[in-house]
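A.B. asks: Handing over target21.txt, compact mmCIF, C-alpha atoms.
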# COMPACT_ATOMS: atom_id res chain seq x y z
CA LYS Y 39 -8.77 -15.80 47.71
CA ASN Y 40 -6.43 -14.60 44.95
CA GLU Y 41 -6.78 -16.28 41.59
CA VAL Y 42 -3.00 -16.73 41.47
CA GLU Y 43 -1.05 -17.77 44.56
CA GLN Y 44 2.72 -17.99 44.78
CA SER Y 45 4.88 -19.66 47.40
CA PRO Y 46 7.05 -18.93 49.15
CA GLN Y 47 6.67 -15.15 49.42
CA ASN Y 48 10.31 -14.79 50.44
CA LEU Y 49 13.19 -17.17 49.91
CA THR Y 50 16.80 -16.82 51.00
CA ALA Y 51 19.37 -19.38 49.90
CA GLN Y 52 23.09 -19.87 49.52
CA GLU Y 53 24.88 -19.66 46.21
CA GLY Y 54 24.74 -22.96 44.37
CA GLU Y 55 21.47 -24.18 45.86
CA PHE Y 56 18.59 -25.52 43.77
CA ILE Y 57 15.64 -23.14 43.95
CA THR Y 58 11.94 -23.89 43.44
CA ILE Y 59 9.18 -21.28 43.31
CA ASN Y 60 5.59 -22.45 43.05
CA CYS Y 61 2.49 -20.94 41.44
CA SER Y 62 -1.07 -22.21 41.78
CA TYR Y 63 -4.09 -20.76 40.01
CA SER Y 64 -7.82 -21.26 40.23
CA VAL Y 65 -9.12 -20.11 36.83
CA GLY Y 66 -9.05 -21.50 33.34
CA ILE Y 67 -6.03 -20.23 31.49
CA SER Y 68 -4.62 -20.13 27.98
CA ALA Y 69 -1.05 -19.51 29.12
CA LEU Y 70 1.13 -18.91 32.16
CA HIS Y 71 4.02 -16.46 32.35
CA TRP Y 72 7.04 -16.27 34.61
CA LEU Y 73 8.54 -12.80 34.98
CA GLN Y 74 11.63 -11.51 36.73
CA GLN Y 75 11.72 -8.06 38.34
CA HIS Y 76 15.19 -6.76 39.03
CA PRO Y 77 16.02 -4.73 42.16
CA GLY Y 78 16.04 -1.64 39.94
CA GLY Y 79 12.41 -2.29 38.98
CA GLY Y 80 12.68 -3.49 35.39
CA ILE Y 81 10.58 -6.51 34.42
CA VAL Y 82 11.75 -9.23 32.05
CA SER Y 83 9.70 -12.08 30.69
CA LEU Y 84 11.37 -15.44 31.40
CA PHE Y 85 8.89 -18.01 30.09
CA MET Y 86 5.46 -18.41 28.61
CA LEU Y 87 3.95 -21.88 29.03
CA SER Y 88 0.75 -23.55 28.00
CA SER Y 89 1.88 -27.12 28.68
CA GLY Y 90 4.86 -29.23 29.65
CA LYS Y 91 8.28 -27.83 30.39
CA LYS Y 92 10.67 -25.17 29.10
CA LYS Y 93 14.35 -24.63 29.84
CA HIS Y 94 16.57 -21.62 29.33
CA GLY Y 95 20.07 -21.82 30.71
CA ARG Y 96 19.82 -22.55 34.43
CA LEU Y 97 16.09 -21.82 34.54
CA ILE Y 98 13.40 -24.46 34.09
CA ALA Y 99 9.65 -23.88 34.12
CA THR Y 100 7.00 -26.58 34.30
CA ILE Y 101 3.24 -26.53 34.24
CA ASN Y 102 0.62 -29.14 35.17
CA ILE Y 103 -2.66 -28.04 33.61
CA GLN Y 104 -4.76 -30.66 35.41
CA GLU Y 105 -3.44 -29.64 38.82
CA LYS Y 106 -3.38 -25.90 37.92
CA HIS Y 107 0.16 -25.59 39.13
CA SER Y 108 3.46 -24.34 37.78
CA SER Y 109 6.98 -24.32 39.15
CA LEU Y 110 10.05 -22.27 38.34
CA HIS Y 111 13.37 -23.92 39.13
CA ILE Y 112 16.80 -22.34 39.22
CA THR Y 113 19.79 -24.66 39.18
CA ALA Y 114 23.21 -23.64 40.59
CA SER Y 115 21.79 -20.38 41.93
CA HIS Y 116 23.94 -17.26 41.87
CA PRO Y 117 23.68 -13.89 43.65
CA ARG Y 118 22.72 -12.27 40.33
CA ASP Y 119 19.53 -14.39 40.43
CA SER Y 120 18.36 -12.25 43.36
CA ALA Y 121 15.12 -10.65 42.19
CA VAL Y 122 11.36 -10.86 42.53
CA TYR Y 123 9.84 -13.66 40.45
CA ILE Y 124 6.25 -13.17 39.36
CA CYS Y 125 3.79 -15.70 38.02
CA ALA Y 126 0.99 -14.42 35.76
CA VAL Y 127 -1.84 -16.26 34.02
CA ARG Y 128 -3.73 -15.31 30.89
CA ARG Y 129 -7.37 -16.15 31.41
CA ASP Y 130 -8.85 -18.36 28.70
CA VAL Y 131 -11.99 -16.29 28.21
CA ALA Y 132 -10.19 -12.99 27.59
CA GLN Y 133 -6.73 -11.66 27.08
CA LYS Y 134 -6.46 -10.34 30.62
CA LEU Y 135 -3.41 -11.10 32.71
CA VAL Y 136 -3.70 -11.85 36.42
CA PHE Y 137 -0.57 -11.74 38.55
CA GLY Y 138 0.65 -13.50 41.64
CA GLN Y 139 2.09 -11.46 44.49
CA GLY Y 140 5.64 -12.38 43.61
CA THR Y 141 8.43 -14.28 45.36
CA ARG Y 142 11.40 -12.30 46.60
CA LEU Y 143 14.53 -14.42 46.11
CA THR Y 144 17.83 -13.56 47.75
CA ILE Y 145 20.92 -15.62 46.97
CA ASN Y 146 23.81 -15.06 49.36
CA PRO Y 147 27.42 -15.64 48.24
CA GLU D 60 17.04 -1.90 19.34
CA ALA D 61 13.68 -3.49 20.09
CA GLN D 62 12.15 -1.70 23.03
CA VAL D 63 9.15 -0.26 24.84
CA THR D 64 9.58 3.32 26.00
CA GLN D 65 7.58 5.24 28.55
CA ASN D 66 7.56 8.94 29.37
CA PRO D 67 7.90 10.46 31.80
CA ARG D 68 9.82 8.07 34.05
CA TYR D 69 9.01 10.08 37.16
CA LEU D 70 6.16 12.50 37.75
CA ILE D 71 4.90 14.36 40.78
CA THR D 72 1.59 16.12 40.26
CA VAL D 73 -1.41 17.42 42.17
CA THR D 74 -4.95 16.15 42.49
CA GLY D 75 -7.14 16.95 39.50
CA LYS D 76 -4.44 18.01 37.04
CA LYS D 77 -4.88 15.95 33.87
CA LEU D 78 -1.85 14.00 32.76
CA THR D 79 -0.80 11.56 30.05
CA VAL D 80 1.85 8.86 30.29
CA THR D 81 3.06 7.87 26.86
CA CYS D 82 4.03 4.38 25.77
CA SER D 83 5.63 3.50 22.47
CA GLN D 84 6.98 0.25 21.00
CA ASN D 85 9.06 -0.30 17.86
CA MET D 86 8.37 -4.03 17.40
CA ASN D 87 5.11 -3.79 15.45
CA HIS D 88 3.32 -5.66 18.23
CA GLU D 89 -0.45 -5.81 18.10
CA TYR D 90 -1.08 -6.33 21.85
CA MET D 91 -0.29 -3.56 24.32
CA SER D 92 -1.22 -3.18 27.95
CA TRP D 93 -0.93 -0.97 31.02
CA TYR D 94 -0.30 -2.24 34.55
CA ARG D 95 0.09 -0.65 37.92
CA GLN D 96 2.21 -2.07 40.73
CA ASP D 97 1.52 -1.33 44.37
CA PRO D 98 3.15 -2.70 47.54
CA GLY D 99 1.19 -5.65 48.86
CA LEU D 100 -1.07 -5.77 45.80
CA GLY D 101 1.43 -6.68 43.11
CA LEU D 102 0.85 -5.99 39.44
CA ARG D 103 -2.67 -5.35 38.20
CA GLN D 104 -3.84 -4.80 34.66
CA ILE D 105 -5.51 -1.45 33.91
CA TYR D 106 -6.32 -1.60 30.19
CA TYR D 107 -5.19 -3.60 27.21
CA SER D 108 -5.45 -3.31 23.45
CA MET D 109 -5.54 -6.17 20.97
CA ASN D 110 -4.93 -3.88 17.99
CA VAL D 111 -5.50 -0.37 16.64
CA GLU D 112 -8.84 1.04 17.83
CA VAL D 113 -9.49 -2.08 19.97
CA THR D 114 -9.20 -1.55 23.71
CA ASP D 115 -10.68 -3.28 26.74
CA LYS D 116 -10.72 -2.94 30.49
CA GLY D 117 -8.44 -4.88 32.76
CA ASP D 118 -9.06 -5.40 36.44
CA VAL D 119 -8.58 -1.80 37.67
CA PRO D 120 -9.71 0.61 34.90
CA GLU D 121 -11.48 3.18 37.09
CA GLY D 122 -9.98 6.66 36.74
CA TYR D 123 -8.01 5.84 33.60
CA LYS D 124 -8.51 6.20 29.86
CA VAL D 125 -6.52 4.86 26.95
CA SER D 126 -6.48 5.23 23.19
CA ARG D 127 -4.89 3.23 20.39
CA LYS D 128 -4.91 5.32 17.25
CA GLU D 129 -1.75 3.80 15.83
CA LYS D 130 -0.07 0.47 16.44
CA ARG D 131 3.09 1.78 18.08
CA ASN D 132 1.53 4.09 20.71
CA PHE D 133 -0.74 3.40 23.67
CA PRO D 134 -1.02 6.42 25.97
CA LEU D 135 -2.51 6.23 29.46
CA ILE D 136 -4.62 9.22 30.41
CA LEU D 137 -5.57 10.29 33.92
CA GLU D 138 -8.28 12.91 33.48
CA SER D 139 -8.45 13.88 37.16
CA PRO D 140 -5.70 12.15 39.12
CA SER D 141 -6.26 11.34 42.77
CA PRO D 142 -3.79 10.29 45.50
CA ASN D 143 -4.92 6.64 45.23
CA GLN D 144 -3.43 6.61 41.72
CA THR D 145 0.03 7.08 43.18
CA SER D 146 1.79 4.00 41.87
CA LEU D 147 4.43 2.49 39.61
CA TYR D 148 3.06 2.08 36.10
CA PHE D 149 4.31 -0.31 33.43
CA CYS D 150 3.43 -0.48 29.78
CA ALA D 151 4.02 -3.69 27.86
CA SER D 152 3.66 -5.00 24.34
CA SER D 153 3.36 -8.54 23.12
CA LEU D 154 3.50 -10.69 20.04
CA GLY D 155 2.71 -14.36 20.41
CA GLY D 156 2.28 -13.98 24.15
CA THR D 157 5.75 -12.99 25.38
CA GLN D 158 5.48 -9.65 27.16
CA TYR D 159 8.03 -6.87 26.67
CA PHE D 160 7.87 -4.32 29.46
CA GLY D 161 8.73 -0.65 29.48
CA PRO D 162 11.01 0.73 32.21
CA GLY D 163 8.15 2.00 34.38
CA THR D 164 6.76 5.39 35.37
CA ARG D 165 6.68 6.33 39.03
CA LEU D 166 3.71 8.64 39.58
CA THR D 167 3.00 10.55 42.78
CA VAL D 168 -0.29 12.43 43.12
CA LEU D 169 -0.35 14.92 46.00
So that I can check it, write out the structure of this file as structure tokens.
C.D. replies:
Amino acid sequence: KNEVEQSPQNLTAQEGEFITINCSYSVGISALHWLQQHPGGGIVSLFMLSSGKKKHGRLIATINIQEKHSSLHITASHPRDSAVYICAVRRDVAQKLVFGQGTRLTINP
Amino acid sequence: EAQVTQNPRYLITVTGKKLTVTCSQNMNHEYMSWYRQDPGLGLRQIYYSMNVEVTDKGDVPEGYKVSRKEKRNFPLILESPSPNQTSLYFCASSLGGTQYFGPGTRLTVL
């Protein structure tokens, strides 16, 4: 079993819909990252969380440390949000990063 | 402009021919790391460095070497590349946890 599991693996939605991507992990962590990988391959860091909730524009990330679960929400989704979203955790005993398999999001106009 | 650069961006080589992929950052970050990305396996960490002369193995270090002689550079060395090292490679740097990724290097080993 992977240490970091994301769901769904693929998600297709219509423009304007509210999107939720989930990430569950099984190890102790010091932080959790959400990354966005564009169709061209470039990777951008969206959030780093160790507790609570963060918001940036239409993106919201939450983490529940007790349940070992994080969610990434996109409000008023737009075709330009189409990308692969990757969850990664930093293990608490080292500075290693472990990645989920990614969620491929497609927003249709 | 703050950035992480990698060279080359694309490389086709043959088994056993030593190669180096360079990575450089201009943000004075202490933490740097190398990842490979493969279909179905996602991103995996190869090596990371907490500071100059401090490096450690990630989850898939076999067949790779790194060095960190100066803060800005973190080259990835493949002493004897093999076809199973065909992959997309990313370098990243970090300060305070947020990762800044390079554009990627697509390596094909024939």
A.B. asks: Report, in Å with one decimal, the straight-line distance from CA of Lys128 (chain D) to CA of Gln65 (chain D).
C.D. replies: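 Interatomic distance, CA of Lys128 (chain D) to CA of Gln65 (chain D): 16.8 Å.
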A.B. asks: Near Arg103 (chain D), within 10 Å and counting only C-alpha atoms, which residues show up once chain neighbours fewer than 5 positions away are dropped, as a list in words?
C.D. replies: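 Non-adjacent residues within range: Lys134, Leu135, Val136, Phe137, Gly138 and Gln139 of chain Y; Trp93, Tyr94, Arg95, Gln96, Asp97, Gly117, Asp118, Val119, Pro120, Tyr148 and Phe149 of chain D.
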A.B. asks: Excluding Leu137 (chain D) and residues on its chain fewer than 3 positions from it, collect all residues at most 10 Å away from it, counting all atoms listed in the file, and give them as a PyMOL selection string.
C.D. replies: chain D and resi 75-80+121-125+134+140-141+144
A.B. asks: Counting all atoms listed in the file, note down every residue that has an atom within 10 Å of the point (15.1, -8.7, 43.2) (file coordinates), as a VMD selection string.
C.D. replies: chain Y and resid 74 to 80 118 to 123 141 to 145
A.B. asks: Could you give me, as a list in words, the residues that have an atom at most 6 Å away from the point (-6.1, -19.1, 33.0) in the coordinates of the file, using only C-alpha atoms?
C.D. replies: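 Residues found, by chain and rising number: Val65, Gly66, Ile67, Ser68, Val127, Arg128, Arg129 and Asp130 of chain Y.
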A.B. asks: Quick one: distance from CA of Asn102 (chain Y) to CA of Ser115 (chain Y) in Å, one decimal?
C.D. replies: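 Calculated distance between CA of Asn102 (chain Y) and CA of Ser115 (chain Y) is 23.9 Å.
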A.B. asks: Pull out every residue of chain D that has at least one atom within 8 Å of chain Y, counting only C-alpha atoms, and report them as a compact mmCIF listing (two decimals) with C-alpha atoms, keeping the file's coordinate frame.
C.D. replies:
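The file below, iface.txt, is the result:
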# COMPACT_ATOMS: atom_id res chain seq x y z
CA GLY D 99 1.19 -5.65 48.86
CA LEU D 100 -1.07 -5.77 45.80
CA GLY D 101 1.43 -6.68 43.11
CA LEU D 102 0.85 -5.99 39.44
CA ARG D 103 -2.67 -5.35 38.20
CA GLN D 104 -3.84 -4.80 34.66
CA TYR D 107 -5.19 -3.60 27.21
CA GLY D 117 -8.44 -4.88 32.76
CA GLY D 156 2.28 -13.98 24.15
CA THR D 157 5.75 -12.99 25.38
CA GLN D 158 5.48 -9.65 27.16
CA TYR D 159 8.03 -6.87 26.67
CA PHE D 160 7.87 -4.32 29.46
CA GLY D 161 8.73 -0.65 29.48
CA PRO D 162 11.01 0.73 32.21
CA GLY D 163 8.15 2.00 34.38
A.B. asks: Could you tell me how far CA of Ser108 (chain Y) sits from CA of Asn48 (chain Y), in Å to one decimal place?
C.D. replies: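 The value is 17.3 Å.
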A.B. asks: For Ser139 (chain D), which residue among D:Ser126, D:Asn110, D:Thr72, D:Gln62 is the nearest when counting only C-alpha atoms?
C.D. replies: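 Checking each candidate against Ser139 (chain D), we get D:Thr72 as the closest.
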A.B. asks: Just the residues within 7 Å of His111 (chain Y), please, counting all atoms listed in the file, with nothing from its chain fewer than 6 positions along; format it as a list in words.
C.D. replies: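 Using all atoms listed in the file, the neighbours found are Ile57, Thr58, Ile59, Leu97, Ile98 and Ala99 of chain Y.
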A.B. asks: Okay, now the selection with C-alpha atoms, as a JSON list (two decimals), in the frame of the given file?
C.D. replies:
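This is the output file out23.json:
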[["chain", "number", "residue", "atom", "x", "y", "z"],
["Y", 57, "ILE", "CA", 15.64, -23.14, 43.95],
["Y", 58, "THR", "CA", 11.94, -23.89, 43.44],
["Y", 59, "ILE", "CA", 9.18, -21.28, 43.31],
["Y", 97, "LEU", "CA", 16.09, -21.82, 34.54],
["Y", 98, "ILE", "CA", 13.40, -24.46, 34.09],
["Y", 99, "ALA", "CA", 9.65, -23.88, 34.12]]
A.B. asks: Compare D:Leu166, D:Met109, D:Leu154, D:Ile71 by their minimum atom-to-atom distance to Ser92 (chain D), counting all atoms listed in the file, and give me the closest one.
C.D. replies: D:Met109
A.B. asks: When you count all atoms listed in the file, which of these residues is closest to Ser153 (chain D): D:Glu60, D:His88, D:Ser83, D:Asn66?
C.D. replies: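 Distance minimum relative to Ser153 (chain D) lands on D:His88.
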A.B. asks: What would region 110-131 of chain D look like with N, CA, C and O atoms in place, written as an mmCIF file, in the coordinates of the input?
C.D. replies:
data_model
loop_
_atom_site.group_PDB
_atom_site.id
_atom_site.type_symbol
_atom_site.label_atom_id
_atom_site.label_comp_id
_atom_site.auth_asym_id
_atom_site.auth_seq_id
_atom_site.Cartn_x
_atom_site.Cartn_y
_atom_site.Cartn_z
ATOM 1 N N ASN D 110 -5.384 -4.434 19.255
ATOM 2 C CA ASN D 110 -4.930 -3.880 17.990
ATOM 3 C C ASN D 110 -5.400 -2.425 17.908
ATOM 4 O O ASN D 110 -6.072 -1.919 18.819
ATOM 5 N N VAL D 111 -5.098 -1.767 16.824
ATOM 6 C CA VAL D 111 -5.500 -0.370 16.640
ATOM 7 C C VAL D 111 -7.013 -0.257 16.799
ATOM 8 O O VAL D 111 -7.765 -1.066 16.241
ATOM 9 N N GLU D 112 -7.431 0.733 17.578
ATOM 10 C CA GLU D 112 -8.840 1.040 17.830
ATOM 11 C C GLU D 112 -9.584 -0.053 18.586
ATOM 12 O O GLU D 112 -10.811 -0.005 18.692
ATOM 13 N N VAL D 113 -8.862 -1.015 19.168
ATOM 14 C CA VAL D 113 -9.490 -2.080 19.970
ATOM 15 C C VAL D 113 -8.888 -2.054 21.362
ATOM 16 O O VAL D 113 -7.711 -2.403 21.547
ATOM 17 N N THR D 114 -9.680 -1.599 22.336
ATOM 18 C CA THR D 114 -9.200 -1.550 23.710
ATOM 19 C C THR D 114 -10.226 -2.188 24.638
ATOM 20 O O THR D 114 -11.420 -2.247 24.308
ATOM 21 N N ASP D 115 -9.759 -2.659 25.787
ATOM 22 C CA ASP D 115 -10.680 -3.280 26.740
ATOM 23 C C ASP D 115 -10.163 -3.093 28.148
ATOM 24 O O ASP D 115 -8.954 -2.893 28.361
ATOM 25 N N LYS D 116 -11.073 -3.165 29.103
ATOM 26 C CA LYS D 116 -10.720 -2.940 30.490
ATOM 27 C C LYS D 116 -10.018 -4.145 31.085
ATOM 28 O O LYS D 116 -10.371 -5.290 30.801
ATOM 29 N N GLY D 117 -9.043 -3.856 31.939
ATOM 30 C CA GLY D 117 -8.440 -4.880 32.760
ATOM 31 C C GLY D 117 -9.164 -4.965 34.085
ATOM 32 O O GLY D 117 -10.381 -4.746 34.145
ATOM 33 N N ASP D 118 -8.435 -5.218 35.130
ATOM 34 C CA ASP D 118 -9.060 -5.400 36.440
ATOM 35 C C ASP D 118 -9.246 -4.109 37.231
ATOM 36 O O ASP D 118 -10.078 -4.054 38.127
ATOM 37 N N VAL D 119 -8.485 -3.053 36.904
ATOM 38 C CA VAL D 119 -8.580 -1.800 37.670
ATOM 39 C C VAL D 119 -8.633 -0.602 36.738
ATOM 40 O O VAL D 119 -7.778 0.283 36.772
ATOM 41 N N PRO D 120 -9.668 -0.480 35.882
ATOM 42 C CA PRO D 120 -9.710 0.610 34.900
ATOM 43 C C PRO D 120 -10.228 1.941 35.415
ATOM 44 O O PRO D 120 -10.086 2.964 34.730
ATOM 45 N N GLU D 121 -10.820 1.970 36.614
ATOM 46 C CA GLU D 121 -11.480 3.180 37.090
ATOM 47 C C GLU D 121 -10.463 4.320 37.225
ATOM 48 O O GLU D 121 -9.413 4.171 37.843
ATOM 49 N N GLY D 122 -10.827 5.477 36.658
ATOM 50 C CA GLY D 122 -9.980 6.660 36.740
ATOM 51 C C GLY D 122 -8.962 6.780 35.627
ATOM 52 O O GLY D 122 -8.183 7.735 35.603
ATOM 53 N N TYR D 123 -8.966 5.834 34.706
ATOM 54 C CA TYR D 123 -8.010 5.840 33.600
ATOM 55 C C TYR D 123 -8.727 5.791 32.253
ATOM 56 O O TYR D 123 -9.826 5.275 32.149
ATOM 57 N N LYS D 124 -8.075 6.340 31.245
ATOM 58 C CA LYS D 124 -8.510 6.200 29.860
ATOM 59 C C LYS D 124 -7.318 5.829 29.012
ATOM 60 O O LYS D 124 -6.174 6.143 29.360
ATOM 61 N N VAL D 125 -7.586 5.179 27.898
ATOM 62 C CA VAL D 125 -6.520 4.860 26.950
ATOM 63 C C VAL D 125 -7.035 5.121 25.551
ATOM 64 O O VAL D 125 -8.238 5.264 25.322
ATOM 65 N N SER D 126 -6.107 5.172 24.603
ATOM 66 C CA SER D 126 -6.480 5.230 23.190
ATOM 67 C C SER D 126 -5.425 4.469 22.402
ATOM 68 O O SER D 126 -4.276 4.360 22.825
ATOM 69 N N ARG D 127 -5.831 3.952 21.253
ATOM 70 C CA ARG D 127 -4.890 3.230 20.390
ATOM 71 C C ARG D 127 -5.197 3.633 18.946
ATOM 72 O O ARG D 127 -5.845 2.936 18.200
ATOM 73 N N LYS D 128 -4.671 4.783 18.587
ATOM 74 C CA LYS D 128 -4.910 5.320 17.250
ATOM 75 C C LYS D 128 -3.895 4.807 16.230
ATOM 76 O O LYS D 128 -4.151 4.845 15.012
ATOM 77 N N GLU D 129 -2.759 4.379 16.704
ATOM 78 C CA GLU D 129 -1.750 3.800 15.830
ATOM 79 C C GLU D 129 -1.090 2.643 16.576
ATOM 80 O O GLU D 129 -1.104 2.608 17.815
ATOM 81 N N LYS D 130 -0.535 1.714 15.841
ATOM 82 C CA LYS D 130 -0.070 0.470 16.440
ATOM 83 C C LYS D 130 1.032 0.714 17.461
ATOM 84 O O LYS D 130 1.103 0.042 18.486
ATOM 85 N N ARG D 131 1.919 1.647 17.228
ATOM 86 C CA ARG D 131 3.090 1.780 18.080
ATOM 87 C C ARG D 131 2.820 2.492 19.413
ATOM 88 O O ARG D 131 3.587 2.360 20.353
#
